[in-house]
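To keep things clear, I will list the structure first and then write my remarks on it.
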Amino acid sequence: MTLLDVDSIYKSYDEEEVLEDVSFGLDQQDVEVIVGPSGSGKSTLLRCMNRLTEIDSGEIYLNDDEIHDLDENELRRRVGMVFQGSNLFAHLTAQKNITLGLREVLGMPAAEAQAKAMEYLRQVGLEDQAESYPAELSGGQKQRVGIARALAMEPELILFDEPTSALDPELIGEVLTVMRDLAEEGMTMLVVTHEMDFARSVATRLMFLDDGRIVERGPPEQLFEDPREDRTEQFLGELADIY
Amino acid sequence: MEAIVLQSNDWAFILANWEQFALGTAVTILLTITSLVVGFVAGFPAGAIEVYAPGWLRKPVSAAGVILRGTPIVVLIVLFFFALPIPQLGTFIIIDAKVDAFIVATIALGLRSAAYQAQVFRGAIQSIDEGQMEAARSVGLSKFQAIRHVIFPQAIRRSVPGFQNEFTIVLKDTSIAFAIGLAELLTRAEQLYLQPGHDTAVVEVIVTISVIYFVLTFATNRALDRLEQRYAVPEGSG
Amino acid sequence: MADTVETRGTAVGRVSGSGRLVVALVGGLFWLWLLARWAYHNTLLDRICTALGLPDLIRSEYGVRRREPWLPAEPFQSAADSIGSVPPGFVFDRIAGVFELAAFATTAGPELAAGAFITVYMTVLGMLFGLVIAVPLSVARVYGGRIASTAALVYTELIRGTPLLAQLFFWYFALPLAGYFDAAGFVGRNGIPRAAVMVAVVAFTINSSAYQSEYIRTALESVDEGQLAAARAVGLSKGQAIRHVILPQGLRYAIPGWTNEFIYLVKYSSLAAFITVPELFRQARNIASDTFRYQEIYIIVGVFYLLLVLTIALAMGLLERTVALPGVGQPADQN
């Protein structure tokens, strides 16, 4: 069943075309990894999905609702996001980072919100850090709290914006493990990342974006083994050398 | 340096008038508190307006801030004293200070402080990483909710050193209410050594009030340091 | 952050682009007028011009109250009267009020200009002498031994912990500094200021030295530690290293704080009025008690201070950019 349907969207900043005629669809439980050189529009594409960035033209449907007809806050409740820099609320403990949205957006009673926060912290393996402030957590732990914060809103789709690229190498694994578990549980995910092992083993589909256009899109094994476009082959080859 | 030989009967004069110093100190502390409250109540929204409000609201607020920060406090005090239509309201009991002068001083010191507190608060808001707002909006909080629950709590904590600074500035500047004869510490000090036959006590009187001011600023600074440490949140990259 | 420096409030604030143009224009005209007025009544210039055979060019012999305004008050007054006589209404009354204020300002001009002269030179002298004390004071705080740094700390804490007005009273009434200056015998004549002015300069010097030393101390502490180590490594003594490496960097970091302090002192020099110094605020006070137009004269003098403060802020901003080096003392956002 189609969960997300992106139909010919365009976005430009100051005459500079960032997204050009981008269309794609996600089914429920899909995990799509977006790759592409820096400046190719990956982050912008992701941010258009929860309207942190507004598109110039085109249509985006989330479970048959055009997202621009939805209330912004309602949309964002339904589409979670995990940031590169985690962006945990610096003045709140891990647990309260999660309960804030539950209490204020969903209007959940305090006790229920706390229980729920603990449940998701347990899911990412951090129930013992519930009372820690962001500054007291490692980079990997922060990202896991960030994931729990997004999960707690029970979104239909989660966006991951380079969730591991600001991390020290030894911390990347714990975050990817959590994401892998999520995928196995059937969460629909749209992920910008350079982690090719993750893409290969977890993604249902891989999208190669360059210059604001989708160059190629398909199952990961096809793009890795038998790309149709030279640019895809070249880029994935370079990535493989680095990572 | 014969002039500053401290005479024991002058110290006796000060001891005999300890009540005047106590009352003056009370007025000084009261005026500091009322001014800071006015400053916070007006300065906090003004700071937020300078960041978030549209031009028609932001421009007059920031212009008022420039005027208040660019004019000497003594000019503000005397101007308000003559320009504001505040009736003579008699004197406060016990502390024996004129009510109208106290109100004028509170408004002048308070508004001036508001202009500075707004700066402090505005700077704190702007120092908060943009990602905080984005993350808040991403879980579905409205802009207003995000400001209220995510931006303000962090901005207020970061403002504490600035507010602390403001505290000592206002405390010291209460002495300028001398210009309108409000019976705070400095005014009462002058009244003491202007008494016939006690002009030799000038040194002792001024040293005494200086010590009082110093103890007040020092004590509040230490107390606020403590308070800040107690309520501090571990800071660092969020 | 237990060790925050007490600043005296941040500077007046950022004036927006178009506002800055207005400040530059109005402020420029204001300073032109001030400088002309000062020159016209300057004793020293009068002597020079008289010696050059132009005895009437400069009129320093006129007492402050005999000086004539250069701008006529009549046009403003008649404008005020004519607007005021049209239908009564809030807006018209306000406009008439502004013209009336302008008329009053022209007649008060000569006295206010004379006051502003004292305000400006007291401030400048206080700042400069204060800096002379502040630099060694801050070096003692940061690099001095235990005794030197404690002594510097006690000095700054005592000065910063008491009101400036109390300090002025102390120097003027309690410690009769004015008497000493008078006894020295050369004050108050031939263009040399009166004793009270000197006392005020002493008070401002000492007061601002404490605050300036705090600004410089934090600036010094923000210079990378590796700089001192590198300087020592090339064989400079500690004194040489501080002199040639740390101070040139640190003093640049200190400029925004210095601007704050300058502006602070311009405003707070008004307190010298209470020890009889005939500076800007005291002139206004005298005019008020002669004319009973309290509200108007205090608005006018407020505008005078505002113009002084805003033009100084603008000029200091230019200075900051002029002495900036790439990568050193990036002027922190000083708002």
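Within each chain, counting starts at residue 1; across the structure tokens, chains are named A, B, ... in the order shown, with ligands numbered 1 upward in that order.
Around Leu157 (chain A), within 8 Å and counting only C-alpha atoms, the residues found are Arg78, Val79, Gly80, Met187, Thr188, Met189 and Leu190 of chain A, once anything fewer than 3 positions away on its own chain is removed.
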Within 12 Å of Lys143 (chain B) using only C-alpha atoms, minus same-chain residues under 2 positions, as a PyMOL selection string:
(chain A and resi 52+72-73+105) or (chain B and resi 52+132-141+145-152)
Contact table chain A vs chain B, cut-off 8 Å, shortest pair per residue, only C-alpha atoms, as a tab-separated table:
```
residue	atom	partner	partner_atom	distance
A:Asn50	CA	B:Ser138	CA	7.4
A:Leu52	CA	B:Glu134	CA	7.3
A:Glu72	CA	B:Gly140	CA	7.5
A:Asn73	CA	B:Gly140	CA	4.2
A:Glu74	CA	B:Gly140	CA	6.3
A:Leu75	CA	B:Gly140	CA	7.3
A:Arg76	CA	B:Gly140	CA	4.7
A:Arg77	CA	B:Gly140	CA	4.7
A:Val79	CA	B:Ser138	CA	7.8
A:Gly80	CA	B:Val139	CA	6.5
A:Met81	CA	B:Ser138	CA	6.2
A:Phe83	CA	B:Ala135	CA	7.8
A:Gly85	CA	B:Gly238	CA	7.8
A:Ser86	CA	B:Gly238	CA	7.3
A:Asn87	CA	B:Gly131	CA	5.4
A:Leu88	CA	B:Gly238	CA	5.4
A:Phe89	CA	B:Gln132	CA	6.2
A:Ala90	CA	B:Gly238	CA	4.9
A:His91	CA	B:Gln154	CA	5.9
A:Gly101	CA	B:Val139	CA	6.0
A:Glu104	CA	B:Leu141	CA	7.2
A:Val105	CA	B:Leu141	CA	6.0
A:Tyr133	CA	B:Pro234	CA	6.5
A:Pro134	CA	B:Gly238	CA	5.7
A:Ala135	CA	B:Gly236	CA	5.1
A:Glu136	CA	B:Pro234	CA	7.1
A:Arg149	CA	B:Val139	CA	7.9
A:Ala150	CA	B:Val139	CA	6.7
A:Met153	CA	B:Val139	CA	7.2
```
Would you list, as JSON, numbers by chain, the residues of region 32-157 of chain A that end up in alpha helix (DSSP H) under DSSP run on this structure's backbone?
{"A": [42, 43, 44, 45, 46, 47, 48, 49, 72, 73, 74, 75, 76, 77, 78, 94, 95, 96, 97, 98, 99, 100, 101, 102, 103, 104, 110, 111, 112, 113, 114, 115, 116, 117, 118, 119, 120, 121, 122, 123, 139, 140, 141, 142, 143, 144, 145, 146, 147, 148, 149, 150, 151, 152]}
For the interface of chain B with chain C (cut-off 6 Å, counting only C-alpha atoms), please tabulate each contacting residue of chain B alongside its nearest pair of atoms and their separation in Å to one decimal, rows sorted by chain and increasing number, as a Markdown table.
```
| residue | atom | partner | partner_atom | distance |
| --- | --- | --- | --- | --- |
| B:Val66 | CA | C:Val12 | CA | 5.6 |
| B:Arg69 | CA | C:Val12 | CA | 5.3 |
| B:Gly70 | CA | C:Leu306 | CA | 5.1 |
| B:Thr71 | CA | C:Leu306 | CA | 5.6 |
| B:Pro72 | CA | C:Lys267 | CA | 4.5 |
| B:Leu79 | CA | C:Tyr298 | CA | 5.6 |
| B:Phe82 | CA | C:Gln295 | CA | 5.7 |
| B:Ala83 | CA | C:Gln295 | CA | 5.6 |
| B:Asn165 | CA | C:Glu6 | CA | 5.5 |
| B:Lys172 | CA | C:Pro163 | CA | 4.7 |
| B:Val202 | CA | C:Ala174 | CA | 5.2 |
| B:Val203 | CA | C:Ala174 | CA | 4.3 |
| B:Ser210 | CA | C:Thr162 | CA | 5.8 |
| B:Tyr213 | CA | C:Thr162 | CA | 5.5 |
| B:Phe214 | CA | C:Gly161 | CA | 4.7 |
| B:Thr217 | CA | C:Gly161 | CA | 5.8 |
| B:Asp225 | CA | C:Ala2 | CA | 5.7 |
```
Based on DSSP run over this structure's backbone, return all residues of region 5-237 of chain A in strand (DSSP E), as a count of residues only.
59
So, with only C-alpha atoms as the atoms that count, which of A:Gln143, A:Ser38, A:Thr2, A:Gln29 lies closest to Phe235 (chain A)?
A:Ser38
Close residues, Asp10 (chain B) itself excluded, 7 Å, only C-alpha atoms, min 3 positions apart in chain, as a short mmCIF file (atom, residue, chain, number, x, y, z; two decimals) with N, CA and C atoms, in the first residue's frame:
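Once written, around-v5.cif looks like this:
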```cif
data_model
loop_
_atom_site.label_atom_id
_atom_site.label_comp_id
_atom_site.auth_asym_id
_atom_site.auth_seq_id
_atom_site.Cartn_x
_atom_site.Cartn_y
_atom_site.Cartn_z
N GLN B 7 37.79 60.94 63.49
CA GLN B 7 37.59 61.31 64.89
C GLN B 7 36.60 60.38 65.55
N PHE B 13 28.80 59.61 66.42
CA PHE B 13 27.67 60.24 65.74
C PHE B 13 27.00 59.24 64.80
N ILE B 14 27.83 58.46 64.11
CA ILE B 14 27.27 57.48 63.20
C ILE B 14 26.52 56.39 63.94
N ALA B 201 32.02 64.87 60.06
CA ALA B 201 31.71 63.44 59.97
C ALA B 201 31.58 62.96 58.53
N GLU B 204 33.49 59.73 57.62
CA GLU B 204 32.95 58.55 58.28
C GLU B 204 31.61 58.14 57.66
#
```
Tell me which protein, DNA and RNA residues are within 12 Å of Ala42 (chain B), counting only C-alpha atoms, leaving out same-chain ones fewer than 5 positions away, and put them as a PyMOL selection string.
chain B and resi 35-37+47-49+61+64-65+107+109-119+121
I'd like the neighbourhood of Ile77 (chain B) as a PyMOL selection string, where a residue qualifies if any of its atoms comes within 7 Å (using only C-alpha atoms), though same-chain residues fewer than 6 positions away should be ignored.
chain B and resi 104-105+108
For those residues, write N, CA and C atoms to a file as a PDB file, in the first residue's frame.
```
ATOM      1  N   VAL B 104       8.595  57.371  40.891  1.00  0.00           N
ATOM      2  CA  VAL B 104       9.359  57.911  39.763  1.00  0.00           C
ATOM      3  C   VAL B 104      10.676  57.164  39.610  1.00  0.00           C
ATOM      4  N   ALA B 105      11.382  56.965  40.726  1.00  0.00           N
ATOM      5  CA  ALA B 105      12.675  56.284  40.660  1.00  0.00           C
ATOM      6  C   ALA B 105      12.494  54.854  40.163  1.00  0.00           C
ATOM      7  N   ALA B 108      11.879  55.017  36.364  1.00  0.00           N
ATOM      8  CA  ALA B 108      13.080  55.373  35.601  1.00  0.00           C
ATOM      9  C   ALA B 108      14.100  54.242  35.630  1.00  0.00           C
TER      10      ALA B 108
END
```
Might you pull out every residue within 12 Å of region 12-15 of chain A, with only C-alpha atoms counted and same-chain residues fewer than 5 positions away left off, and present them as a list in words?
Glu20, Asp21, Gly41, Thr44, Leu45, Cys48, Thr53, Glu54, Ile55, Asp56, Ser57, Asp211 and Gly212 of chain A
CA of Val6 (chain A) to CA of Tyr61 (chain A), distance in Å rounded to a single decimal
6.4 Å
Between CA of Leu167 (chain A) and CA of Gly140 (chain A), what distance in Å does the model show, to one decimal?
6.8 Å
Fewer than 5 positions away in the same chain doesn't count, so skip those; otherwise give me all residues within 12 Å of Arg231 (chain A), counting only C-alpha atoms, as a VMD selection string.
chain A and resid 36 to 37 208 to 211 214 to 216 223 236 to 238
Just N, CA and C atoms for this one: save the residues we selected as a short mmCIF file (atom, residue, chain, number, x, y, z; two decimals), in the first residue's frame.
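Dumped to again15.cif:
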```
data_model
loop_
_atom_site.label_atom_id
_atom_site.label_comp_id
_atom_site.auth_asym_id
_atom_site.auth_seq_id
_atom_site.Cartn_x
_atom_site.Cartn_y
_atom_site.Cartn_z
N GLY A 36 24.00 10.56 -2.54
CA GLY A 36 24.30 11.58 -3.54
C GLY A 36 25.38 12.49 -3.02
N PRO A 37 26.08 13.16 -3.95
CA PRO A 37 27.15 14.07 -3.51
C PRO A 37 26.60 15.23 -2.68
N PHE A 208 19.63 7.38 -5.99
CA PHE A 208 20.82 8.20 -6.22
C PHE A 208 20.37 9.55 -6.77
N LEU A 209 20.68 10.58 -5.98
CA LEU A 209 20.25 11.94 -6.32
C LEU A 209 21.48 12.74 -6.73
N ASP A 210 21.38 13.45 -7.84
CA ASP A 210 22.48 14.33 -8.22
C ASP A 210 21.91 15.57 -8.88
N ASP A 211 22.43 16.72 -8.50
CA ASP A 211 21.96 17.98 -9.09
C ASP A 211 20.46 18.14 -8.99
N ILE A 214 16.57 12.77 -9.57
CA ILE A 214 16.80 11.36 -9.30
C ILE A 214 17.48 10.77 -10.53
N VAL A 215 18.73 10.33 -10.35
CA VAL A 215 19.46 9.76 -11.48
C VAL A 215 19.03 8.32 -11.70
N GLU A 216 18.93 7.62 -10.57
CA GLU A 216 18.60 6.21 -10.69
C GLU A 216 18.01 5.74 -9.37
N LEU A 223 21.69 -1.43 -7.96
CA LEU A 223 22.50 -0.24 -8.13
C LEU A 223 23.96 -0.51 -7.86
N LEU A 236 28.99 5.53 -6.52
CA LEU A 236 28.98 4.44 -5.55
C LEU A 236 30.37 3.82 -5.41
N GLY A 237 31.13 3.84 -6.50
CA GLY A 237 32.49 3.36 -6.45
C GLY A 237 33.34 4.21 -5.52
N GLU A 238 33.19 5.53 -5.66
CA GLU A 238 33.95 6.44 -4.80
C GLU A 238 33.57 6.25 -3.34
#
```
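Of the listed residues (C:Val245, C:Pro75, C:Arg321, C:Ile118), C:Pro75 comes nearest to Phe99 (chain C); the distances count only C-alpha atoms.
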